[in-house]
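**Q** Sharing a structure with you now.
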Amino acid sequence: MKLLLIQPPIQDFYDTEVRLQPLGLCMLKAVLKKHVPSVEVIVKDYHQGHGRKTIPLPLELSYLKEYYALADSSPFSSFHQYCHFGATFEALAKDVLKEKPDLVGISSLFTSYYREALDCAREIKKRAPVPILIGGSHVSAFPMSILRDPSVDFIIRGEGERPLVDFVRALLAGAPLNHVPNLGFKRDGELLLNATGEPYPFHALPVADFSDLPKERYLYQGKPLCFVTATRGCPHRCSFCSVHATFGKKFQKRSPENIFLEIRQRYGEGYRVLDFEDDNLSFHGEDFKRLLKLIVADFKGADLHLLAMNGISHLSLDREILQLMRLAGFSHLNIALVSSSEEVLKRLHRPHTLASFLEVVAHAQALGFKITSYQILGLPYETLDDMIQTLTILARLPVLIGVSVFYLTPGCPLAKEFPELNEADMFKARSPAMALETENFARDDIHTLFITARIMNFLKGIHVDGQKLSLQEALHIAEHQGERQNLGCEILRKLFEERTLYAATRHGFKPVHRFKPDLFFRVWQRTGYVVSQHGGCIEFFG
């Protein structure tokens, strides 16, 4: 049997340059190699390394035209073109069939991209009757909606390793499928969902098999990058998160020694950047410290860079862990404040506090970390004043502000408070969609605060070297730091003089019409100053 596992292309306003390695598919390949070695498994990534193409804006997102109307080359731009990132569906299907697979598995991780997974299945089915299986987080949340598609033969919910092994064994033996856990299938036109079963223990899984993926395709600052996971799931129950829809309520871990052996293996394979994709990497503090000490002892002076781009919980960090992280090879710290409102955090069932966040930022800055902190704009329980308060706090800290716009994640507890999601709602489950408006805030408000955060980050990026400067002094410095910085200074001066934000287009400056100057200046007055990542201060007044 030959099984082809596919990471599909995506369609959106933007794409990330990193964090695209299909870790889950490579773990499935490894577990099949271990348990069913007679099966040939090939992983194909049709997302990364296949270019991009501008495509028409989908009808469901047509309301965004006036928000993303201008091709803006300024530092404050948001989005503009809607693109297809990756191979075309037709090229993908033709390439798949050249492999002559007996079974095709397609990953559907994010609800916003479920259509792309189905489009892959349809194009393949047009050309050959090969059986198609789809799995991933979206399938776990909406299994029947995917299984119902005529191009889909099978689905797997939840953790996929054991169900896929049992499914492949059943196919090879010609055995009935009704005992395969987590499987969905069709019989005489009827859609059937088997009961979920106990997954393989996370610590017993083999490490991911990246052998089908060219190392030069996945780079970070020019160096080969691969993903590592030390844990699976999350012990917290934040109501906006859907991780439990896939991994259940268990929070599993690997031993520090087991993880360390994988790190040594990856280094031997030529990887120099390892990104921990955990949802809560540092929760088991003593285990994490043990791992970091092993890395420090073995890799001292080595060319090894460690990341946790999925974020790391500030609730489980302290000065000792941060010191060890720096020694082990972490230089960046991604932490999420989400909101500074205690009431909002309480309603979201998020155990993190502003006090713990501020303490970690202070320790991390003293240790020389480059810190990015994340805020979610447009949470259902927030007022506009709540969002401004959070943005103000982050502006005054030595962090870059990472802003994302809230969208309802299918399968999360919060979704139960809303009407059942239809297909259009699922499609709009993405940050650029700015899909949610409430009595407390409108889309224009969210759009304005998003751009305001970019303006704050522009100021934070001015090299002021720990000094305290006026805004005019800082802009004078920025004007000599490059063409784009000079452009940003010119637009900011126009904003202050004319109370209008301009986009820099090929046809000159054009007003950004949905930007609300009054809201911007409300934030500006309240903030008063920004602090750069290096501790410099830019005062707005005086």
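Simple scheme: letters A, B, ... for chains in structure tokens order, numbers from 1 for residues in each chain, numbers from 1 for ligands in the order shown.
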Determine, counting only C-alpha atoms, which protein, DNA and RNA residues have an atom within 9 Å of an atom of Leu337 of chain A; residues of the same chain fewer than 5 positions away are not included. Present the result as a ChimeraX atom specification.
**A** /A:314,352-354,357,373-376,390,394
**Q** Neighbouring residues of Val344 of chain A were defined as those with any atom within 9 Å, considering only C-alpha atoms; residues of the same chain fewer than 6 positions away were excluded. Please report them as a list in words.
**A**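 Close residues of Val344 of chain A: Arg350, Leu379, Tyr381, Glu382 and Asp386 of chain A.
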**Q** What gap, in Å, lies between atom CA of Ser356 of chain A and atom CA of Ser316 of chain A?
**A**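 Computing the Euclidean distance for atom CA of Ser356 of chain A and atom CA of Ser316 of chain A yields 9.1 Å.
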**Q** Would you list the contacts of Leu414 of chain A as a ChimeraX atom specification, taking every protein, DNA or RNA residue within 8 Å and counting only C-alpha atoms, but skipping same-chain residues closer than 6 positions in sequence?
**A** /A:239-240,408
**Q** Which residue is closest to Asp119 of chain A? Choose from A:Gly402, A:Pro8, A:Pro351, A:Pro432 and count only C-alpha atoms.
**A**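 Closest candidate: A:Pro8.
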**Q** Quick one: residues within 8 Å of segment 10-26 of chain A, only C-alpha atoms counted, chain neighbours fewer than 4 positions away excluded, as a ChimeraX atom specification?
**A** /A:5-6,30,43,45,47-48,79-86,107,113,116,208-210,218-220,226-227,309,432
**Q** Any idea what's packed within 9 Å of segment 358-366 of chain A, counting only C-alpha atoms, ignoring anything in its chain fewer than 2 positions away? Could you give it as a ChimeraX atom specification?
**A** /A:314-315,317-319,322-323,333,335,353-356,368-371,397-399,533-535
**Q** Which of these residues is nearest to Val104 of chain A, using only C-alpha atoms: A:Ala87, A:Leu172, A:Leu469, A:Met1?
**A** A:Met1
